[in-house]
Amino acid sequence: MHCYLCSLIGEALHLNEHEAAKWLTKDELDSVKWLPADLEVIETLRNRIMDFNDMEQKRKTPERITSLQPNEIFVFGSNLSGMHGGGAALLAYRKFGAIWGQGVGLQGQSYGIPTMQGGVETIRPYVDEFIEFAKQHPELIFLVTRIGCGIAGFTNEEISPLFEKAHGVENIVLPEGW
């Protein structure tokens with residue numbers, strides 16, 4: 001038997017092989033009398049599923065990131081020339097593999113989003129590109145820092161709306177309030 005952890009894309013579940021389906025929370029998994037062959041799958045699900053409240057608490061980027069798990073990516077504000085001389089960019093360069101001279105994209109365990117080239121609207125295409133990249137790499141967890149809100153001089157209120165499309169992407173973790 002092959003099992004897959006999936007997400008519902010449409011509004012309704014369409015059954016091809018089964019007569020019935022039921023949505024269960026993590027706490028409700030034991031309310032069903034499972035077949036012996038299903039028990040291993042159920043235990044795996046129990047360990048992987050998060051309650052909604054747990055998910056909300058876990059989906060916040062820490063204010064200070066000093067280390068990363070092997071599948072985590074540090075997302076930082078950069079400049080187009082990749083001169084990572086200060087703020088989160090310097091941390092990305094010193095600790096997480098950012099490449100001097102590369103201002104955009106994946107670099108080691110970091111991902112640069114340019115924020116120093118003009119107004120907020122000049123940042124949007126790079127944020128959109130990042131979101132698409134993250135969707136293509138579900139095996140990675142992207143920890144987005146408060147890009148643009150340090151040396152670049154923007155506010156959370158100016159930058160956070162750029163990440164609106166990231167809210168439904170499971171592997172993008174945003175700062176508190178974004």
# chains A, B, ... in the order shown; residues from 1 in each chain; ligands from 1
$ closest_atom_pairs --of "stretch 103-156 of chain A" --to "stretch 160-175 of chain A" --cutoff "6 Å" --atoms "only C-alpha atoms" --output "CSV"
residue,atom,partner,partner_atom,distance
A:Arg124,CA,A:Leu162,CA,5.9
A:Ile141,CA,A:Asn171,CA,4.7
A:Phe142,CA,A:Ile172,CA,4.8
A:Leu143,CA,A:Val173,CA,5.0
A:Val144,CA,A:Leu174,CA,5.2
A:Asn156,CA,A:Ser160,CA,5.5
$ write_last_selection --atoms "C-alpha atoms" --output "CSV table (one decimal), in the first residue's frame"
chain,number,residue,atom,x,y,z
A,124,ARG,CA,7.3,42.9,-5.1
A,141,ILE,CA,11.3,25.4,5.2
A,142,PHE,CA,11.9,29.1,4.4
A,143,LEU,CA,12.3,31.3,7.5
A,144,VAL,CA,11.5,34.8,6.3
A,156,ASN,CA,6.4,46.2,8.6
$ residues_around --residues "stretch 63-74 of chain A" --least-positions-apart "5" --cutoff "9 Å" --atoms "only C-alpha atoms" --output "PyMOL selection string"
chain A and resi 91-92+95-96+106+108-112+139-146+175-176
$ select_by_dssp --residues "stretch 15-78 of chain A" --states "helix (DSSP H, G or I)" --output "number ranges by chain"
A: 26-31, 36-48, 52-58
$ residues_around --residues "A:Trp100" --least-positions-apart "3" --cutoff "10 Å" --atoms "only C-alpha atoms" --output "PyMOL selection string"
chain A and resi 81-85+89-90+93+97+103+107
$ atom_distance --atom1 "atom CA of A:Thr155" --atom2 "atom CA of A:Val104"
21.1 Å
$ closest_residue --among "A:Leu24, A:Ile131, A:Ala88, A:Ile113" --to "A:Gly150" --atoms "only C-alpha atoms"
A:Ala88
